[in-house]
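Chemist: This is the structure, below, for whatever I ask next.
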Amino acid sequence: MNIKQSAPTTVHNPHQPSAVEKLVAFLDERMGLKEMQAKMLNEPLPGGSRWAYVFGSVLLFIFAMQALTGMLLMFYYVPTADHAYDSTQYIIHEVDYGWFLLSYHFWGSSAMVVCVFAHMSQVFLWGAYKKPRELLWLVGLALLGIVITFGFTGYLLPWDQRAFWATLVGVEILDKAPLVGDFIARFLKGGPTPGQMTLSRFFVLHVMILPAALMALAGLHIFLFRVAAPAGPFKGTVEEIKAKTDYFFPRQIWKDIVGMAFVFVGICALALWEPVVLLDKATPDPGEYHPEPEWYFLFYFQLLRLKLFAGQLGQFIGAVALPVVFMVLLVALPFMDKDPERNIFKRPIALISWIAIMVVIVLFTVAAVINREFLD
Amino acid sequence: MLQPKLKSKVQCTDLNIGEVTKVVLDPLSHEISHIVVSVNGSGERQVAMGHVQVVTDDLVQLRAPSTEILALPPFKREDYVTTHEVEISHLEDHIHVTPGEVLVPLPDLEKSVKRRTFFMNFTNVIGFLIGLPLAYPILRFLMKPMYAEFDNQWLKVGNVNKIKQADVGVQFKYKKKVKEVYMPEYEIEKNVWILRATPELLDKVYNDKDAEFRDAKGKTIWTNKKDVPYVAFSGKCPHLGCGFKWRQHKTLGQVFLCPCHLSIYGATGRVLDGPAPRGLDALPLKVHASGEVEVIDMEFKAGTKLQVRIV
């Protein structure tokens with residue numbers, strides 16, 4: 001400090017700034033680049049970095065890749081009932097690496113669902129949704145809804161039998177909502193039955209409305225996360241947590257980038273080994289095809305087969321009331337659960353609920369897979 | 001207790017040793033944890049708030065003698081970052097260390113503005129008035145294709161001589177011409193299940209009553225006579241709209257089975273098992289002397305107990 005002040009101003013700095021340094025200095029002067037970078041990277045993580053925290057960053061990465069592959073697919077894809085199927089087949093069979101980009105986009109959506117689930121589970125088990133992070137949780141739930149809608153709308157676009165039937169059943173489920181169901185179903189279908197208007201509507205949702213909504217809400221999500229600060233571990237004294245605290249950069253970013261690389265390799269591997277194959281072109285006659293939704297909806301598909309949800313009332317309970325009640329419970333969670341205790345091993349109801357949901361999802365998914373054999 | 005201020009003199013139990021040059025905040029509690037004291041002539045020391053006895057407007061009184069403070073290790077600036085270099089939200093919320101407030105003058109034009117709330121509300125009202133006339137046109141724009149007239153034309157679906165056995169479901173595939181909005185007319189494949197029914201089955205299907213079909217206004221457009229020995233069922237499963245098949249079932253014998261949610265219907269169309277809320281939808285059916293069959297391709301809403309026609 002003293003040396004700097006007393007140094008004569010005539011002495012030249014022996015280091016001449018390089019072109020890059022000059023550019024950085026130019027930008028920094030106008031944008032406050034260095035402060036921005038410091039603020040982004042130097043965020044203390046109470047209790048230190050963890051592998052369990054990678055899912056948020058990994059989701060951003062997956063979204064970026066979905067946006068990239070999705071934009072590329074649009075160079076060839078034509079969203080009309082008479083060209084959607086053929087243009088998708090063209091992407092798969094004729095365009096160089098088209099099969100890979102389409103398959104990456106397809107498996108990327110699965111990865112998105114898996115990581116959303118992992119991210120939510122981590123927040124739930126760590127009790128990180130509690131005060132003061134209620135809004136963060138709510139925006140996260142809205143993002144969950146967007147991710148599910150992304151999957152649902154994207155599914156129709158190839159316009160093959162799988163696409164057609166998954167959409168038809170999905171819209172019939174929405175139709176069961178009281179009062180507004182019929183309107184919503186017709187609004188989405190753009191008519192009484194699925195057709196060109198359905199494809200147009202799903203396309204606009206998938207490539208314009210949902211990405212814009214996701215970007216806005218993900219921005220809000222990250223903003224709220226930064227305002228509320230990371231929750232940190234659920235146990236340990238203040239001293240222990242302080243002793244282990246580090247910044248977002250470098251340890252957590254290192255873990256995040258390893259997580260991203262892992263997911264990237266996983267999606268590439270799936271795209272290589274299980275590339276997308278289209279079924280026959282969509283038509284209201286299923287032929288020998290047994291309609292089935294994407295694997296992450298299989299448990300719910302199997303659930304609706306239960307006798308419990310038979311008849312109009314049963315169907316209302318299974319297709320409308322159950323998911324609505326589940327979402328309402330998730331929304332109400334941070335407001336009902338006022339106990340500041342975050343340790344999952346001291347929150348038996350939370351732990352049991354989470355395990356119960358896991359068990360239901362796994363059992364019903366397995367049941368749906370086993371059921372396939374009986375149908376052929 | 002007041003918070004220590006920058007430039008405040010620091011007084012030990014024996015003498016005045018210097019002044020406050022920096023404050024250090026606890027990243028978790030956001031309270032001041034240390035003050036940094038520039039000791040007259042011998043560098044800086046970091047003094048924990050535990051040492052502070054009392055803080056007045058321009059003086060920080062310590063509990064310790066000057067020797068104890070001077071014995072502390074010198075302050076290491078490189079162990080700290082400034083609030084510009086780190087992202088800890090609300091870090092400075094509790095801190096009032098600035099010596100006096102930092103002020104900028106209010107522009108003259110702003111001084112006389114009294115009705116800020118009025119202007120704020122007025123801005124919102126204008127925004128609302130821009131949006132309001134758009135809402136209805138946008139809704140109508142999007143609703144254009146949602147509701148269509150019922151299509152009551154007869155479609156040829158095949159010849160009944162393809163049915164070899166009575167009371168067995170036989171699928172008839174046919175093409176339907178569709179004209180959607182601006183699109184050129186195109187054909188879609190559809191299917192209908194037709195049975196040649198024995199008198200016993202007909203009895204169960206019709207319950208001794210002819211089946212009437214009406215248009216949207218309630219006018220009868222066709223009657224399926226109970227003595228015509230053919231029955232046609234719409235290919236759409238009344239549970240959630242999938243396509244069902246005619247299959248052998250282990251205990252129920254030959255049935256209509258929907259592979260989606262496993263609804264099972266008998267040859268009469270009644271629900272035998274599974275989640276379906278109503279039986280299969282019979283369609284208006286015409287069988288010509290030549291054996292040619294025609295149906296009206298009606299579609300009903302799935303998942304409701306009563307039939308609700310949508311096409």
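Each chain of the structure tokens is named A, B, ... in the order shown, its residues numbered from 1; ligands are numbered from 1 in display order.
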Which residues of chain B come within 6 Å of chain A, and for each one, what is the closest pair of atoms and their distance in Å to one decimal, counting only C-alpha atoms, sorted by chain and residue number, as a Markdown table?
Modeler:
```
| residue | atom | partner | partner_atom | distance |
| --- | --- | --- | --- | --- |
| B:Glu85 | CA | A:Ala38 | CA | 5.0 |
| B:Val86 | CA | A:Asn42 | CA | 4.8 |
| B:Glu87 | CA | A:Lys39 | CA | 4.8 |
| B:Ser89 | CA | A:Val227 | CA | 5.3 |
| B:Pro145 | CA | A:Gly191 | CA | 5.2 |
| B:Met146 | CA | A:Gly191 | CA | 3.8 |
| B:Tyr147 | CA | A:Gly191 | CA | 5.8 |
| B:Ile188 | CA | A:Thr283 | CA | 6.0 |
| B:Glu189 | CA | A:Thr283 | CA | 5.7 |
| B:Lys190 | CA | A:Asp285 | CA | 4.8 |
| B:Asn191 | CA | A:Asp285 | CA | 5.9 |
| B:Leu240 | CA | A:Val169 | CA | 5.6 |
| B:Gly243 | CA | A:Pro286 | CA | 5.9 |
| B:Pro259 | CA | A:His290 | CA | 5.8 |
| B:Cys260 | CA | A:Pro291 | CA | 5.9 |
| B:His261 | CA | A:Arg305 | CA | 4.5 |
| B:Gly274 | CA | A:Lys307 | CA | 6.0 |
| B:Pro275 | CA | A:Ala310 | CA | 3.5 |
| B:Ala276 | CA | A:Gly311 | CA | 5.6 |
| B:Pro277 | CA | A:Gly311 | CA | 3.7 |
| B:Thr304 | CA | A:Gln312 | CA | 5.4 |
| B:Lys305 | CA | A:Gln312 | CA | 5.6 |
| B:Ile310 | CA | A:Pro192 | CA | 5.9 |
```
Chemist: How would the residues just chosen look if you wrote them out with N, CA and C atoms as a PDB file, in the first residue's frame?
Modeler:
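Dumped to again-v3.pdb:
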```pdb
ATOM      1  N   GLU B  85     -16.141  -8.130  -4.629  1.00  0.00           N
ATOM      2  CA  GLU B  85     -15.528  -9.305  -5.253  1.00  0.00           C
ATOM      3  C   GLU B  85     -16.225 -10.595  -4.859  1.00  0.00           C
ATOM      4  N   VAL B  86     -17.279 -10.501  -4.094  1.00  0.00           N
ATOM      5  CA  VAL B  86     -17.934 -11.707  -3.615  1.00  0.00           C
ATOM      6  C   VAL B  86     -19.439 -11.505  -3.675  1.00  0.00           C
ATOM      7  N   GLU B  87     -20.164 -12.608  -3.870  1.00  0.00           N
ATOM      8  CA  GLU B  87     -21.615 -12.534  -3.960  1.00  0.00           C
ATOM      9  C   GLU B  87     -22.221 -13.118  -2.680  1.00  0.00           C
ATOM     10  N   SER B  89     -25.557 -12.146  -0.708  1.00  0.00           N
ATOM     11  CA  SER B  89     -26.666 -11.197  -0.745  1.00  0.00           C
ATOM     12  C   SER B  89     -26.997 -10.701   0.662  1.00  0.00           C
ATOM     13  N   PRO B 145     -60.271 -22.893 -34.985  1.00  0.00           N
ATOM     14  CA  PRO B 145     -60.592 -24.258 -35.447  1.00  0.00           C
ATOM     15  C   PRO B 145     -61.199 -25.163 -34.382  1.00  0.00           C
ATOM     16  N   MET B 146     -61.450 -24.647 -33.178  1.00  0.00           N
ATOM     17  CA  MET B 146     -61.758 -25.547 -32.057  1.00  0.00           C
ATOM     18  C   MET B 146     -63.086 -26.283 -32.177  1.00  0.00           C
ATOM     19  N   TYR B 147     -64.088 -25.609 -32.729  1.00  0.00           N
ATOM     20  CA  TYR B 147     -65.413 -26.234 -32.787  1.00  0.00           C
ATOM     21  C   TYR B 147     -65.820 -26.411 -34.244  1.00  0.00           C
ATOM     22  N   ILE B 188     -57.109 -39.992 -44.068  1.00  0.00           N
ATOM     23  CA  ILE B 188     -56.553 -40.637 -42.891  1.00  0.00           C
ATOM     24  C   ILE B 188     -57.165 -42.025 -42.775  1.00  0.00           C
ATOM     25  N   GLU B 189     -56.378 -42.935 -42.177  1.00  0.00           N
ATOM     26  CA  GLU B 189     -56.885 -44.293 -41.989  1.00  0.00           C
ATOM     27  C   GLU B 189     -57.643 -44.369 -40.689  1.00  0.00           C
ATOM     28  N   LYS B 190     -58.776 -45.058 -40.733  1.00  0.00           N
ATOM     29  CA  LYS B 190     -59.542 -45.260 -39.509  1.00  0.00           C
ATOM     30  C   LYS B 190     -60.010 -46.708 -39.488  1.00  0.00           C
ATOM     31  N   ASN B 191     -60.606 -47.085 -38.401  1.00  0.00           N
ATOM     32  CA  ASN B 191     -61.126 -48.453 -38.374  1.00  0.00           C
ATOM     33  C   ASN B 191     -62.389 -48.529 -37.541  1.00  0.00           C
ATOM     34  N   LEU B 240     -59.713 -43.947 -22.735  1.00  0.00           N
ATOM     35  CA  LEU B 240     -58.930 -42.733 -23.008  1.00  0.00           C
ATOM     36  C   LEU B 240     -58.575 -42.598 -24.484  1.00  0.00           C
ATOM     37  N   GLY B 243     -56.773 -47.467 -29.460  1.00  0.00           N
ATOM     38  CA  GLY B 243     -57.433 -48.405 -30.351  1.00  0.00           C
ATOM     39  C   GLY B 243     -57.416 -49.786 -29.722  1.00  0.00           C
ATOM     40  N   PRO B 259     -55.097 -52.272 -25.402  1.00  0.00           N
ATOM     41  CA  PRO B 259     -53.756 -52.487 -24.872  1.00  0.00           C
ATOM     42  C   PRO B 259     -53.249 -51.333 -24.014  1.00  0.00           C
ATOM     43  N   CYS B 260     -53.900 -50.171 -24.083  1.00  0.00           N
ATOM     44  CA  CYS B 260     -53.400 -49.023 -23.314  1.00  0.00           C
ATOM     45  C   CYS B 260     -53.592 -49.254 -21.827  1.00  0.00           C
ATOM     46  N   HIS B 261     -54.847 -49.182 -21.396  1.00  0.00           N
ATOM     47  CA  HIS B 261     -55.095 -49.276 -19.956  1.00  0.00           C
ATOM     48  C   HIS B 261     -55.878 -50.534 -19.610  1.00  0.00           C
ATOM     49  N   GLY B 274     -61.529 -53.773 -16.253  1.00  0.00           N
ATOM     50  CA  GLY B 274     -60.675 -52.638 -16.571  1.00  0.00           C
ATOM     51  C   GLY B 274     -61.351 -51.314 -16.252  1.00  0.00           C
ATOM     52  N   PRO B 275     -60.660 -50.223 -16.578  1.00  0.00           N
ATOM     53  CA  PRO B 275     -61.080 -48.909 -16.081  1.00  0.00           C
ATOM     54  C   PRO B 275     -62.132 -48.159 -16.909  1.00  0.00           C
ATOM     55  N   ALA B 276     -62.607 -48.730 -18.022  1.00  0.00           N
ATOM     56  CA  ALA B 276     -63.503 -47.945 -18.895  1.00  0.00           C
ATOM     57  C   ALA B 276     -64.797 -47.548 -18.190  1.00  0.00           C
ATOM     58  N   PRO B 277     -65.235 -46.307 -18.377  1.00  0.00           N
ATOM     59  CA  PRO B 277     -66.457 -45.830 -17.710  1.00  0.00           C
ATOM     60  C   PRO B 277     -67.744 -46.218 -18.445  1.00  0.00           C
ATOM     61  N   THR B 304     -66.010 -40.548 -20.331  1.00  0.00           N
ATOM     62  CA  THR B 304     -67.239 -40.097 -19.691  1.00  0.00           C
ATOM     63  C   THR B 304     -68.229 -41.253 -19.637  1.00  0.00           C
ATOM     64  N   LYS B 305     -69.094 -41.217 -18.650  1.00  0.00           N
ATOM     65  CA  LYS B 305     -70.052 -42.294 -18.482  1.00  0.00           C
ATOM     66  C   LYS B 305     -71.103 -42.229 -19.589  1.00  0.00           C
ATOM     67  N   ILE B 310     -68.252 -35.679 -30.300  1.00  0.00           N
ATOM     68  CA  ILE B 310     -67.389 -34.534 -30.642  1.00  0.00           C
ATOM     69  C   ILE B 310     -67.151 -34.411 -32.149  1.00  0.00           C
TER      70      ILE B 310
END
```
Chemist: What lies within 7 Å of segment 31-40 of chain B using only C-alpha atoms, ignoring chain neighbours under 4 positions off, as an MDAnalysis selection string?
Modeler: chainID B and resid 17:26 44:49 94
Chemist: Restrict the selected residues to N, CA, C and O atoms and save them as a CSV table (one decimal), in the first residue's frame.
Modeler:
```
chain,number,residue,atom,x,y,z
B,17,ILE,N,-4.5,3.9,20.7
B,17,ILE,CA,-3.5,3.3,19.9
B,17,ILE,C,-3.7,3.6,18.4
B,17,ILE,O,-2.8,3.2,17.6
B,18,GLY,N,-4.8,4.1,17.9
B,18,GLY,CA,-4.9,4.4,16.5
B,18,GLY,C,-6.3,4.6,16.1
B,18,GLY,O,-7.2,5.0,16.9
B,19,GLU,N,-6.7,4.2,14.8
B,19,GLU,CA,-8.0,4.4,14.3
B,19,GLU,C,-8.5,3.2,13.5
B,19,GLU,O,-7.7,2.4,13.0
B,20,VAL,N,-9.9,3.1,13.4
B,20,VAL,CA,-10.5,2.0,12.6
B,20,VAL,C,-10.3,2.3,11.1
B,20,VAL,O,-10.6,3.4,10.7
B,21,THR,N,-9.7,1.3,10.4
B,21,THR,CA,-9.5,1.5,8.9
B,21,THR,C,-10.5,0.6,8.1
B,21,THR,O,-10.8,0.9,7.0
B,22,LYS,N,-10.8,-0.5,8.7
B,22,LYS,CA,-11.7,-1.5,7.9
B,22,LYS,C,-12.6,-2.2,8.9
B,22,LYS,O,-12.2,-2.2,10.1
B,23,VAL,N,-13.7,-2.7,8.4
B,23,VAL,CA,-14.4,-3.6,9.3
B,23,VAL,C,-14.6,-5.0,8.5
B,23,VAL,O,-14.6,-5.0,7.3
B,24,VAL,N,-14.6,-6.1,9.3
B,24,VAL,CA,-14.7,-7.4,8.7
B,24,VAL,C,-16.1,-8.0,9.1
B,24,VAL,O,-16.4,-7.9,10.3
B,25,LEU,N,-16.8,-8.5,8.1
B,25,LEU,CA,-18.1,-9.0,8.4
B,25,LEU,C,-18.1,-10.5,8.5
B,25,LEU,O,-17.3,-11.2,7.8
B,26,ASP,N,-19.0,-11.1,9.3
B,26,ASP,CA,-19.1,-12.5,9.3
B,26,ASP,C,-20.0,-12.9,8.2
B,26,ASP,O,-21.1,-12.4,8.0
B,44,GLU,N,-1.2,-2.6,10.8
B,44,GLU,CA,-2.6,-2.8,11.2
B,44,GLU,C,-2.8,-4.1,12.0
B,44,GLU,O,-2.1,-5.1,11.8
B,45,ARG,N,-3.8,-4.1,12.9
B,45,ARG,CA,-4.1,-5.3,13.7
B,45,ARG,C,-5.6,-5.5,13.5
B,45,ARG,O,-6.4,-4.6,13.3
B,46,GLN,N,-5.9,-6.8,13.5
B,46,GLN,CA,-7.3,-7.2,13.4
B,46,GLN,C,-7.8,-7.6,14.8
B,46,GLN,O,-7.3,-8.5,15.4
B,47,VAL,N,-8.8,-6.8,15.2
B,47,VAL,CA,-9.3,-6.9,16.6
B,47,VAL,C,-10.7,-7.5,16.6
B,47,VAL,O,-11.6,-6.9,16.0
B,48,ALA,N,-10.9,-8.6,17.3
B,48,ALA,CA,-12.2,-9.2,17.4
B,48,ALA,C,-13.2,-8.3,18.1
B,48,ALA,O,-12.8,-7.6,19.0
B,49,MET,N,-14.5,-8.4,17.8
B,49,MET,CA,-15.5,-7.5,18.4
B,49,MET,C,-15.6,-7.9,19.9
B,49,MET,O,-16.1,-7.1,20.7
B,94,HIS,N,-27.1,-4.9,7.5
B,94,HIS,CA,-27.1,-4.4,8.9
B,94,HIS,C,-26.0,-3.5,9.2
B,94,HIS,O,-25.8,-3.1,10.3
```
Chemist: Can you pull out the residues contacting Gly98 of chain A? Cut-off 10 Å, using only C-alpha atoms, and skip same-chain residues under 2 positions away; I want them as a ChimeraX atom specification.
Modeler: /A:69,72-73,76,88-96,100-104
Chemist: Could you pull the residues within 9 Å of Asp227 of chain B, counting only C-alpha atoms, minus those fewer than 2 positions along the same chain, as a ChimeraX atom specification?
Modeler: /B:199,202-203,210,224-225,229-230
Chemist: Show me, as an MDAnalysis selection string, the residues that have an atom within 10 Å of Lys131 of chain A when counting only C-alpha atoms, minus same-chain residues fewer than 4 positions from it.
Modeler: chainID A and resid 127 135:136 228 231 334:335 337:340
Chemist: Hey, which of A:Pro275, A:Gly140, A:Gly56, A:Pro211 ends up closest to Gly154 of chain A? Count only C-alpha atoms.
Modeler: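 Smallest separation from Gly154 of chain A among the options: A:Pro211.
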Chemist: Name the residues of segment 232-304 of chain A that fall into helix (DSSP H, G or I) according to DSSP on the backbone, using the chain letters and numbers of this document, as a ChimeraX atom specification.
Modeler: /A:238-244,248-273,295-303
Chemist: Could you tell me how far atom CA of Gly158 of chain B sits from atom CA of Gly241 of chain B, in Å to one decimal place?
Modeler: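 If I compute the distance from atom CA of Gly241 of chain B to atom CA of Gly158 of chain B, I get 23.3 Å.
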Chemist: Just to confirm, what's the straight-line distance from atom CA of Lys164 of chain B to atom CA of Arg270 of chain B in Å (one decimal)?
Modeler: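 Pair atom CA of Lys164 of chain B / atom CA of Arg270 of chain B returns 22.5 Å.
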Chemist: I'd like the contact shell of Ile194 of chain B - 7 Å cut-off, only C-alpha atoms, skipping same-chain residues fewer than 5 positions apart - returned as an NGL selection string.
Modeler: :B and (169-171 or 230-233)
Chemist: Write the residues of the preceding selection, restricted to N, CA and C atoms, as a compact mmCIF listing (two decimals), in the first residue's frame.
Modeler:
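Contents of the output file part_33.txt:
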```txt
# COMPACT_ATOMS: atom_id res chain seq x y z
N GLY B 169 -65.49 -60.18 -33.32
CA GLY B 169 -65.14 -58.83 -33.76
C GLY B 169 -64.25 -58.87 -34.98
N VAL B 170 -64.65 -58.17 -36.06
CA VAL B 170 -63.82 -58.10 -37.26
C VAL B 170 -63.55 -56.63 -37.55
N GLN B 171 -62.26 -56.35 -37.75
CA GLN B 171 -61.89 -54.94 -37.96
C GLN B 171 -62.03 -54.57 -39.44
N TYR B 230 -76.21 -57.00 -37.63
CA TYR B 230 -74.84 -56.50 -37.63
C TYR B 230 -74.73 -55.34 -36.62
N VAL B 231 -73.58 -55.30 -35.95
CA VAL B 231 -73.32 -54.22 -34.99
C VAL B 231 -71.96 -53.63 -35.32
N ALA B 232 -71.86 -52.29 -35.30
CA ALA B 232 -70.57 -51.63 -35.56
C ALA B 232 -70.15 -50.83 -34.33
N PHE B 233 -68.91 -51.01 -33.94
CA PHE B 233 -68.37 -50.24 -32.82
C PHE B 233 -67.26 -49.31 -33.30
```
Chemist: Give me, as a ChimeraX atom specification, all polymer residues having an atom no more than 9 Å from Cys258 of chain B, counting only C-alpha atoms and skipping those fewer than 5 positions away in the same chain.
Modeler: /A:290 /B:237,239,242-246,263-265
Chemist: Report, in Å to a single decimal, how far apart atom CA of Leu285 of chain B and atom CA of Thr223 of chain B are.
Modeler: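 The value is 8.6 Å.
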